[in-house]
Amino acid sequence: MKPIQVGLMGLGTVGAGVFHVLSRNQEEIQRRAGRGIELTMVSRRNLDAARDIVGDRVRIVADAREIIANPDIDIVVELIGGYGIARDLVLEAIAAGKHVVTANKALLAVHGSEIFAAARAQGVMVAFEAAVAGGIPIIKALREGLTANRIEWIAGIINGTTNFILSEMRDKGLDFDVVLKEAQRLGYAEADPTFDIEGVDAAHKATLMSALAFGIPVQFDRAHIEGITKLSATDIRYAEQLGYRIKLLGIAKRQAEGIELRVHPTLVPSKRLIANVEGAMNAVMVQGDAVGTTLYYGKGAGSEPTASAVVADLVDIARLATADPDHRVPHLAFQPDSLASTPILPIDQVRTAFYLRLCVADQKGVLANITRILADSDISIDAVLQRESAEGENQTDLIILTHETVEGAMRHALTQMQSLPTVLAPIVSLRKEELA
Ligand SMILES: NC(=O)C1=CN([C@@H]2O[C@H](COP(=O)(O)OP(=O)(O)OC[C@H]3O[C@@H](n4cnc5c(N)ncnc54)[C@H](O)[C@@H]3O)[C@@H](O)[C@H]2O)C=CC1
Ligand SMILES: N[C@@H](CC=O)C(=O)O
Ligand code: NA
């Protein structure tokens with residue numbers, strides 16, 4: 001069979017990785033795919049910089065649209081990023097009858113419904129393994145390996161930059177800004193790193209996983225998102241003393257009334273494997289009714305780990321491109337006419353346990369008032385820790401772990417506790433998951 005021809009748009013960190021992996025493993029890849037996979041065109045605005053990476057054997061163009069217009073190109077790989085030009089180019093490539101491979105989770109989480117519908121209408125594939133947890137084959141696991149299961153929940157460390165920041169801050173005592181710069185230097189961070197630290201990138205990925213797991217459309221606008229910028233070293237330390245690590249988790253969970261879709265710093269028991277995932281590594285736990293709990297671990301960011309997923313998608317397309325579109329694996333795991341209208345729940349209806357830190361006056365009756373408010377809101381306490389406050393004399397830090405409750409009840413209780421004159425500073429509240 002004639003080699004499949006690939007055009008690559010965006011020759012940055014991941015694009016260069018794709019070129020290197022495809023070149024290095026060409027022979028092995030061909031034996032797997034059953035035909036050659038040839039990168040014949042790349043687009044980059046700086047032609048000389050592109051030449052330094054790909055040499056003379058690949059045609060370099062400044063305008064990505066030349067790739068789309070070339071009738072010899074079978075697959076277009078989009079590695080530019082963002083929702084702007086990338087959306088236009090992907091839709092144009094689909095309209096031109098090209099299969100598309102992308103690592104762009106932002107694009108698919110926001111415009112996925114439009115893009116998948118366009119691809120179905122044209123009978124082309126849109127593959128995006130690299131978009132969630134980089135090199136970890138989590139899309140493949142959800143879309144193919146776990147199809148027998150009713151999936152109950154997914155919880156993952158799905159942003160390498162923030163996990164790297166949390167690890168380095170805890171282990172080396174480095175400042176947030178210093179570690180973020182290092183993550184950018186290593187090629188982990190998004191072009192706009194606020195997407196990483198504010199939890200947006202993790203929410204893009206959690207949105208995609210929620211669609212694959214529960215057979216619902218991508219609904220990024222319904223995700224609840226909190227990043228790590230407000231997290232303090234004090235809470236990381238107290239969590240450790242209570243036997244927990246704080247991780248930025250992306251969570252998608254089935255409840256009777258709907259789906260929870262949320263990203264936030266989360267206390268996880270230190271003994272769980274996922275609590276010990278450090279640096280830029282990613283890990284995703286998936287709980288299925290038949291298989292039980294499974295864990296997928298590996299590099300979620302970086303040039304070649306991400307390229308590994310892009311090239312695997314190229315192989316999938318090389319193997320399946322000639323199959324009748326109705327018999328290919330569906331883009332979002334479920335058949336498009338079988339998507340459910342199960343709602344994404346508002347955050348008030350989400351159920352989690354909580355970690356609370358209250359800076360209180362060191363006097364009698366304070367704890368009693370707080371526990372009464374929690375009891376009145378039907379929130380039961382799991383553990384209480386009292387520590388001398390670093391903030392000043394005659395005040396103390398009260399750390400409370402609660403059992404699971406509805407978020408709305410906790411918000412009501414927090415308002416009441418905050419209004420007590422003996423509560424001296426804004427209360428810190430973090431969610432806690434046992435992940436058992
Ligand atoms: N870096 C990583 O570890 C991972 C990145 N991704 C995703 O992969 C995509 C690419 O990311 P990176 O390689 O890190 O970004 P990058 O910023 O290193 O590379 C993007 C490249 O696209 C080029 N570009 C911009 N506009 C263009 C246009 N109109 N035509 C052609 N080229 C254009 C830029 O000059 C740059 O060289 C993004 O969607 C990102 O979210 C996904 C997983 C991991
Ligand atoms: N910025 C992302 C890159 C991979 O998706 C991350 O840090 O995980
Ligand atoms: Na992946």
# chains A, B, ... in the order shown; residues from 1 in each chain; ligands from 1
call {"tool": "residues_around", "arguments": {"residues": "Gly243 (chain A)", "least_positions_apart": "3", "cutoff": "8 Å", "atoms": "only C-alpha atoms", "output": "NGL selection string"}}
result
:A and (239-240 or 269-271)
call {"tool": "write_last_selection", "arguments": {"atoms": "N, CA and C atoms", "output": "PDB file, in the first residue's frame"}}
result
ATOM      1  N   ALA A 239      -1.870  19.490  55.676  1.00  0.00           N
ATOM      2  CA  ALA A 239      -2.418  18.303  54.995  1.00  0.00           C
ATOM      3  C   ALA A 239      -1.484  17.119  55.197  1.00  0.00           C
ATOM      4  N   GLU A 240      -0.180  17.372  55.082  1.00  0.00           N
ATOM      5  CA  GLU A 240       0.822  16.302  55.272  1.00  0.00           C
ATOM      6  C   GLU A 240       0.714  15.728  56.688  1.00  0.00           C
ATOM      7  N   PRO A 269      -5.352  10.925  50.208  1.00  0.00           N
ATOM      8  CA  PRO A 269      -4.552  10.195  51.206  1.00  0.00           C
ATOM      9  C   PRO A 269      -3.138   9.902  50.680  1.00  0.00           C
ATOM     10  N   SER A 270      -2.125  10.170  51.505  1.00  0.00           N
ATOM     11  CA  SER A 270      -0.721  10.014  51.066  1.00  0.00           C
ATOM     12  C   SER A 270      -0.416   8.602  50.608  1.00  0.00           C
ATOM     13  N   LYS A 271      -1.183   7.631  51.128  1.00  0.00           N
ATOM     14  CA  LYS A 271      -0.868   6.238  50.778  1.00  0.00           C
ATOM     15  C   LYS A 271      -1.349   5.850  49.370  1.00  0.00           C
TER      16      LYS A 271
END
call {"tool": "residues_near_ligand", "arguments": {"ligand": "ligand 3", "cutoff": "10 Å", "atoms": "only C-alpha atoms and all ligand atoms", "output": "JSON, numbers by chain"}}
result
{"A": [103, 128, 129, 130, 131, 132, 133, 134, 135, 136, 137, 138, 139, 140, 141, 158, 205, 282, 296, 298, 299, 300, 301, 305, 306, 307, 308, 309, 310, 312]}
call {"tool": "closest_atom_pairs", "arguments": {"of": "chain A", "to": "ligand 1", "cutoff": "7 Å", "atoms": "only C-alpha atoms and all ligand atoms", "output": "CSV"}}
result
residue,atom,partner,partner_atom_place_in_ligand_line,distance
A:Met9,CA,ligand 1,31 (C),5.0
A:Gly10,CA,ligand 1,22 (O),3.4
A:Leu11,CA,ligand 1,37 (O),4.7
A:Gly12,CA,ligand 1,19 (O),3.3
A:Thr13,CA,ligand 1,13 (O),3.7
A:Val14,CA,ligand 1,13 (O),3.8
A:Gly15,CA,ligand 1,13 (O),5.6
A:Ser43,CA,ligand 1,31 (C),5.0
A:Arg44,CA,ligand 1,32 (N),4.4
A:Arg45,CA,ligand 1,31 (C),6.0
A:Ala62,CA,ligand 1,31 (C),6.9
A:Asp63,CA,ligand 1,30 (N),6.2
A:Ala64,CA,ligand 1,30 (N),5.1
A:Leu79,CA,ligand 1,10 (C),4.2
A:Ile80,CA,ligand 1,22 (O),3.8
A:Gly81,CA,ligand 1,39 (O),3.2
A:Gly82,CA,ligand 1,39 (O),6.0
A:Ile85,CA,ligand 1,29 (N),6.2
A:Ala103,CA,ligand 1,8 (O),4.5
A:Asn104,CA,ligand 1,39 (O),3.5
A:Lys105,CA,ligand 1,41 (O),6.2
A:Ala106,CA,ligand 1,41 (O),6.8
A:Ala130,CA,ligand 1,43 (C),5.5
A:Ala131,CA,ligand 1,42 (C),5.1
A:Val132,CA,ligand 1,43 (C),6.9
A:Ala133,CA,ligand 1,43 (C),6.9
A:Gly134,CA,ligand 1,43 (C),4.8
A:Gly187,CA,ligand 1,1 (N),5.3
A:Tyr188,CA,ligand 1,3 (O),4.5
A:Ala189,CA,ligand 1,1 (N),6.4
A:Glu190,CA,ligand 1,41 (O),5.9
A:Ala191,CA,ligand 1,17 (O),5.7
A:Gly300,CA,ligand 1,44 (C),6.3
A:Ala301,CA,ligand 1,3 (O),3.3
A:Gly302,CA,ligand 1,3 (O),3.6
A:Ser303,CA,ligand 1,3 (O),5.8
A:Thr306,CA,ligand 1,44 (C),5.3
call {"tool": "residues_around", "arguments": {"residues": "region 31-33 of chain A", "least_positions_apart": "4", "cutoff": "12 Å", "atoms": "only C-alpha atoms", "output": "compact mmCIF listing (two decimals) with N, CA and C atoms, in the first residue's frame"}}
result
# COMPACT_ATOMS: atom_id res chain seq x y z
N MET A 1 0.85 -1.20 0.00
CA MET A 1 0.00 0.00 0.00
C MET A 1 0.88 1.25 0.00
N LYS A 2 0.44 2.30 -0.69
CA LYS A 2 1.31 3.49 -0.77
C LYS A 2 1.38 4.19 0.59
N PRO A 3 2.53 4.81 0.87
CA PRO A 3 2.68 5.46 2.17
C PRO A 3 1.62 6.53 2.36
N ILE A 4 1.23 6.73 3.61
CA ILE A 4 0.26 7.78 3.91
C ILE A 4 1.07 9.08 4.10
N ASN A 25 11.90 6.10 14.38
CA ASN A 25 11.24 4.79 14.48
C ASN A 25 10.50 4.40 13.21
N GLN A 26 10.90 5.02 12.11
CA GLN A 26 10.19 4.85 10.84
C GLN A 26 9.90 3.39 10.49
N GLU A 27 10.96 2.57 10.60
CA GLU A 27 10.83 1.18 10.16
C GLU A 27 9.84 0.41 11.05
N ILE A 37 4.51 5.88 6.89
CA ILE A 37 3.90 7.16 7.28
C ILE A 37 4.96 8.22 7.03
N GLU A 38 4.71 9.07 6.05
CA GLU A 38 5.74 10.03 5.63
C GLU A 38 5.33 11.46 5.94
N VAL A 311 1.95 10.31 17.11
CA VAL A 311 2.34 9.31 16.11
C VAL A 311 1.46 8.06 16.24
N ALA A 312 1.07 7.71 17.46
CA ALA A 312 0.16 6.56 17.62
C ALA A 312 -1.16 6.83 16.90
N ASP A 313 -1.63 8.06 16.95
CA ASP A 313 -2.86 8.42 16.22
C ASP A 313 -2.64 8.30 14.70
N LEU A 314 -1.44 8.68 14.24
CA LEU A 314 -1.15 8.54 12.80
C LEU A 314 -1.22 7.07 12.39
N VAL A 315 -0.70 6.21 13.25
CA VAL A 315 -0.74 4.77 12.96
C VAL A 315 -2.19 4.27 12.94
N ASP A 316 -2.98 4.71 13.91
CA ASP A 316 -4.40 4.32 13.93
C ASP A 316 -5.08 4.71 12.63
N ILE A 317 -4.81 5.93 12.19
CA ILE A 317 -5.47 6.39 10.96
C ILE A 317 -4.95 5.61 9.75
N ALA A 318 -3.65 5.36 9.73
CA ALA A 318 -3.08 4.58 8.62
C ALA A 318 -3.74 3.20 8.55
N ARG A 319 -4.04 2.64 9.72
CA ARG A 319 -4.66 1.30 9.74
C ARG A 319 -6.13 1.33 9.36
N LEU A 320 -6.81 2.44 9.75
CA LEU A 320 -8.28 2.44 9.65
C LEU A 320 -8.85 3.31 8.55
N ALA A 321 -8.00 4.11 7.91
CA ALA A 321 -8.52 5.12 6.96
C ALA A 321 -9.38 4.49 5.87
call {"tool": "closest_residue", "arguments": {"among": "A:Lys364, A:Pro346, A:Thr266, A:Leu435", "to": "Asp235 (chain A)", "atoms": "only C-alpha atoms"}}
result
A:Thr266
call {"tool": "residues_around", "arguments": {"residues": "Arg59 (chain A)", "least_positions_apart": "2", "cutoff": "7 Å", "atoms": "only C-alpha atoms", "output": "mmCIF file with C-alpha atoms, in the first residue's frame"}}
result
data_model
loop_
_atom_site.group_PDB
_atom_site.id
_atom_site.type_symbol
_atom_site.label_atom_id
_atom_site.label_comp_id
_atom_site.auth_asym_id
_atom_site.auth_seq_id
_atom_site.Cartn_x
_atom_site.Cartn_y
_atom_site.Cartn_z
ATOM 1 C CA THR A 40 6.166 15.416 3.613
ATOM 2 C CA MET A 41 5.178 19.006 4.493
ATOM 3 C CA VAL A 42 5.483 21.276 7.516
ATOM 4 C CA ARG A 57 13.770 16.243 2.789
ATOM 5 C CA VAL A 61 5.843 26.370 3.755
#
